[in-house]
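Below: one structure, written as C-alpha cells.
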Amino acid sequence: MNYLLRHALLAAALSAVVGAGLAAPVTVAAAAPDRPAAVVPAAAAPVASRWKPRPTEYPDTVTTTDLRIRMDDGVVLRGDLIRPADAAGEAVDKKLPVIVMITAYNKTVIARGGGGLAGAGPAYLVRRGYNYLVVDARGTGSSGGTWAAFSARENKDAGKIVGWAHRQDWSNGKVGMAGASYMGISQLMAAGHHPPGLKAIFPQVPGADVYRDIVASGGQIDVGFMPLWLGLVTGTGLIPPAYVGSDPTSAIGVLIDHLVAGGQFTLPLALQALFGQSPAYDGPFYRERSAINYIDDVTVPTFLIGGEHDLFQRGTPMLFEKLQRNGAPVRMIVGPWDHLEGSSGAKVGEAGHGSLAELQLRWFDHWIKGRDGRLGEIAPVTYFEQGSDRWRTARKWVDRRKGVHTRLLSGTSMQGGKYGGLRKERGLAGESTLVPLPVSGLCTRSANQWTAGIMNQIWPTNPCLVDNNVNDYTGLTFQTRRLERPVRFRGPINARLFVSSLGGDGMLSVAVEDVAPDGTVTRLTGGWQVISQRKLVRSRSRYLDGRLIQPWHPFTKASKDPLSRGEIAPVDVEIFPTAAVIRPGHRLRFTVQGFDVPHLLAPIPDIPTQALPITLHTGPQHPSVITFPGRQKR
C-alpha cells in the first residue's frame, strides 16, 4: 500500500485500540448495517435468479476480542469472535457454523473496514445464523510468533485455526472461510491441510504462484507494491495489542516478536532481492509460499473473485482451473477490477448474481447449512468482456474447442509514433530499435494495477487510467488496420519476440491494447519478460492447438543466459490472461517498452545491461508473433 493508505489504516487501527480502552478480552455489542449496498449493473447481466436472500434471524451482533488460540508449537494466536446477539445484546446460546478469516493486516484494522480490504464484513452473515472468527496470522496484529509470510509454519497454522474453530463449544463443527487477498490465500493454504469441518471457502483476489504473479513478473523485482505491502504488515503489527493493559507481559512480548520479524525477515528479504541475491530468483522459498502447490487434492467447494486489473490477474484463474480439474465445486467471477476493488467486492453485484454479501450467504448456506442455493444458475465462469463491456458466462476459463489465432508483427516501428503492422500472415521484415526509457508505464493502467488500485482511489478521473496513447510514444507500436470483424480472446496470451540486445539483456514490457476510432487507446492486459531469463520449460508451458499460449520460465540463477553480441533469439513473453473483444472499426495494438514504472526494476547489479537498447526483429526469418486463445472467423 502507498503512504496515504498505510497511514489511513494505521490511524483506524490506533483509534480502535483507544476505543477498546486497553482492556482485557472483552465482549462488545456492535450494531452494524445489515443490508448490502445497492448495486447498479454496468452492463447486461445473467438472468434473474430464483434464489432470494433470506431475512435476518437475529437483531444484533456481539464481539469477544482476543481469544487465545494455541498452536501445536505453543505459540498463541489471537482471534475476535463475532456472534449473533438478541435484542439485549447478549450472545445467543446456540451452536452455529463458523466463518473464519485469517489476516496479516491486524484484525482491529479489518474490523474498521481495513481500507477496502475487509470485503463484505461479518454482520450480514452473523445476523443470519453464523459465527465469524477473525484471527491475526502468526507474528501479526495481536498474535505471537514471528511473521514469515505464508511460510510452511503459517500455512499449517491456517489448518489448525480451522480445526480449533471446529471444536469450540459455540461451534456446530461446520466451518467456512472468507476474505480477500492475504485472507483469500490463507483459505487455500488451510484447505490444502484438510482440516476437520471445513465445508466451503470464498477467496477474493487470491494469488497462485507468488513469484510469477507478483514478486518478480517476468524476472524483474516488483518495487511498486511489494515494499509497500511489507511495510503495511510491519506497521500494523506494531500497533499495541488491545490486551496490553491487562496482560502487559504478553503484549510486550508480541511487539518484540514483531520487531524481530522486521529485522530478520522483511528488511533482509527486500534488500537481498534488490541486490540480486537468492530472493531475486524463484526457488523453494517461493514454492513454499504459493497456494497452487497446496491444492493438488483439494475438492472443497470454492467461490473465487478475480480482477482483470488485479495484482493476481494471472493467479486467480489458474487456481480456478486447477480446482475444476480436481473435481471441486467451483465458481469464478472475473470483473474489470483492480486489487482494492476486488477486495472490497463493492461491484461484484454487477455480474448479476447478487452483492458480495448475498453471494457469500448463498454459497455458505448451500454447502454448510444444506439450504438450496440454486447454484446451477451460476455458470462456472462469469466474466466481464472488455471492449463490449458485457458480462458473459462460460464453463471453462480457456475453451480448448475454440483454438487459437495469431498476429505477426510486421515491418519497422520507431519510438515517438511510427507504427509497424500486425498481420494474420506474411509479416514484413524489419528491425526496430527500442531505447528503454524510465518513464514508460507511469501514465498507464499498469501503474494503478501494480500499486493495488491506489491511483484509482486518489484520482479516479486520471486520464492515464483510460487512455494509454501518451505512454505508447515511449515504446515500439504495432497495430492492425481497422477491423472488419470482431476479434475475441479469453485466457493467457503469448508473444514470441525475436530480439537482440546491446547489453545482452533487457526487459520486454508489452501491452495488448484496443484503439478506438477516435484514437483512444485502452490497455487490455500486459506481460513482462527479462531477455536473459528466456529459457522455456515446455513440459510446464501451456499449448493450445500446438501453439504456445502460456510459457513457463524457471527464473533461477542457473537459467540466466545473456545474449552474445549480435545474437538474435526468440523470447516468449507471458501476457497475463484477460477476456476482450476488439470491435469492428477498432484496431488491435501491441506495444513493447523497456521499463514498466513504478511496477518493476531490475536488481541493481543487472541495471547496466538491462538499460541498453534492444532490437526487435520481424519478418520471415524472424517471425515475431502473438498467439491468442480463440479461433477467429474468416
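FYI, nothing fancy with the C-alpha cells labels: chains A, B, ... in order, residues from 1 per chain, ligands from 1 as they appear.
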What residues in segment 78-160 of chain A get the DSSP label strand (DSSP E)? Please answer as a ChimeraX atom specification.
-> /A:78-85,96-103,131-136
Residues within 7 Å of segment 520-537 of chain A, only C-alpha atoms, excluding chain neighbours under 4 positions, as a ChimeraX atom specification | /A:217-220,445,466-469,505-516,541,551-553,555,559-563,571-576,578
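Residues with any atom within 9 Å of Lys418 of chain A, counting only C-alpha atoms and excluding same-chain neighbours fewer than 3 positions away, are Thr412, Ser413, Met414, Gln415, Tyr473, Leu476, Thr477 and Phe478 of chain A.
Taking atom CA of Thr302 of chain A and atom CA of Phe320 of chain A as endpoints, the distance between them is 8.5 Å.
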Proximity check segment 464-496 of chain A to segment 384-389 of chain A, 12 Å, nearest pairs one decimal Å, only C-alpha atoms, as JSON lines:
{"residue": "A:Pro486", "atom": "CA", "partner": "A:Gly387", "partner_atom": "CA", "distance": 9.9}
{"residue": "A:Val487", "atom": "CA", "partner": "A:Gly387", "partner_atom": "CA", "distance": 10.0}
{"residue": "A:Arg488", "atom": "CA", "partner": "A:Glu385", "partner_atom": "CA", "distance": 9.1}
{"residue": "A:Phe489", "atom": "CA", "partner": "A:Glu385", "partner_atom": "CA", "distance": 9.3}
{"residue": "A:Arg490", "atom": "CA", "partner": "A:Glu385", "partner_atom": "CA", "distance": 8.6}
{"residue": "A:Gly491", "atom": "CA", "partner": "A:Glu385", "partner_atom": "CA", "distance": 11.4}
Please provide as a ChimeraX atom specification all residues within 12 Å of Ile110 of chain A, with the sequence filter that same-chain residues fewer than 3 positions apart are discarded (counting only C-alpha atoms).
-> /A:9-10,12-13,16,79-80,101-107,113-122,133-136,141,179-180,183,236,343-344
Near Trp170 of chain A, within 9 Å and counting only C-alpha atoms, which residues show up once chain neighbours fewer than 6 positions away are dropped, as a PyMOL selection string?
-> chain A and resi 93-98+131
Atoms to include: C-alpha atoms. Write the selected residues as a compact mmCIF listing (two decimals), in the first residue's frame.
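The new file selection00.txt reads:
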# COMPACT_ATOMS: atom_id res chain seq x y z
CA ASP A 93 -26.79 -19.68 23.31
CA LYS A 94 -26.69 -21.91 20.25
CA LYS A 95 -24.05 -23.92 18.41
CA LEU A 96 -23.65 -22.35 14.97
CA PRO A 97 -21.36 -22.79 11.96
CA VAL A 98 -18.23 -20.62 11.92
CA ASN A 131 -20.38 -17.12 13.98
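Minimum atom-to-atom distances from A:Thr65, A:Asn155, A:Ser564, A:Thr451 to Ser501 of chain A were compared using only C-alpha atoms, and the lowest value belongs to A:Ser564.
Proximity ranking of A:Thr234, A:Ala495, A:Val300, A:Arg50 relative to Ala190 of chain A places A:Val300 first, based on only C-alpha atoms.
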Close residues, Arg482 of chain A itself excluded, 6 Å, only C-alpha atoms, min 4 positions apart in chain, as a PyMOL selection string | chain A and resi 585-587
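Shortest atom-to-atom contact with Ile333 of chain A among A:Thr609, A:Thr61, A:Thr382, A:Asn293: A:Thr382, counting only C-alpha atoms.
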Enumerate the residues of segment 252-288 of chain A with a DSSP assignment of helix (DSSP H, G or I), computed from the backbone, and present them as a ChimeraX atom specification.
-> /A:252-274,278-280,284-287
Selected residues written out with C-alpha atoms, as a compact mmCIF listing (two decimals), in the first residue's frame:
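Output saved as again27.txt:
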# COMPACT_ATOMS: atom_id res chain seq x y z
CA ILE A 252 5.28 -6.55 25.06
CA GLY A 253 6.48 -10.00 24.05
CA VAL A 254 4.29 -9.88 20.95
CA LEU A 255 5.60 -6.43 19.96
CA ILE A 256 9.20 -7.63 20.38
CA ASP A 257 8.45 -10.65 18.16
CA HIS A 258 7.06 -8.32 15.52
CA LEU A 259 10.09 -6.02 15.67
CA VAL A 260 12.38 -9.02 15.32
CA ALA A 261 10.47 -10.16 12.23
CA GLY A 262 11.06 -6.76 10.65
CA GLY A 263 14.79 -7.10 11.16
CA GLN A 264 15.11 -10.79 10.37
CA PHE A 265 12.57 -11.31 7.58
CA THR A 266 11.07 -8.21 5.99
CA LEU A 267 14.06 -5.90 5.57
CA PRO A 268 16.64 -8.58 4.63
CA LEU A 269 14.22 -10.09 2.09
CA ALA A 270 13.68 -6.77 0.33
CA LEU A 271 17.38 -5.83 0.30
CA GLN A 272 18.56 -9.25 -0.88
CA ALA A 273 16.10 -9.21 -3.78
CA LEU A 274 17.11 -5.69 -4.76
CA SER A 278 18.62 -15.52 -3.84
CA PRO A 279 15.22 -13.80 -3.22
CA ALA A 280 15.53 -12.29 -6.71
CA PRO A 284 11.99 -23.32 -2.63
CA PHE A 285 11.32 -20.09 -0.72
CA TYR A 286 8.59 -19.01 -3.16
CA ARG A 287 7.26 -22.50 -3.85
Go through segment 370-471 of chain A residue by residue and, counting only C-alpha atoms, keep those with an atom at most 7 Å from segment 542-546 of chain A; for each kept residue give the shortest atom pair and its distance in Å to one decimal, ordered by chain and increasing number, as a Markdown table.
| residue | atom | partner | partner_atom | distance |
| --- | --- | --- | --- | --- |
| A:Arg400 | CA | A:Leu544 | CA | 6.7 |
| A:Gly403 | CA | A:Asp545 | CA | 5.9 |
| A:Val404 | CA | A:Leu544 | CA | 6.7 |
Kindly give the distance, in Å, that separates atom CA of Arg78 of chain A and atom CA of Gly144 of chain A, rounded to a single decimal.
-> 7.9 Å
Suppose you want the space between atom CA of Glu90 of chain A and atom CA of Gly129 of chain A; what is it in Å?
-> 14.3 Å
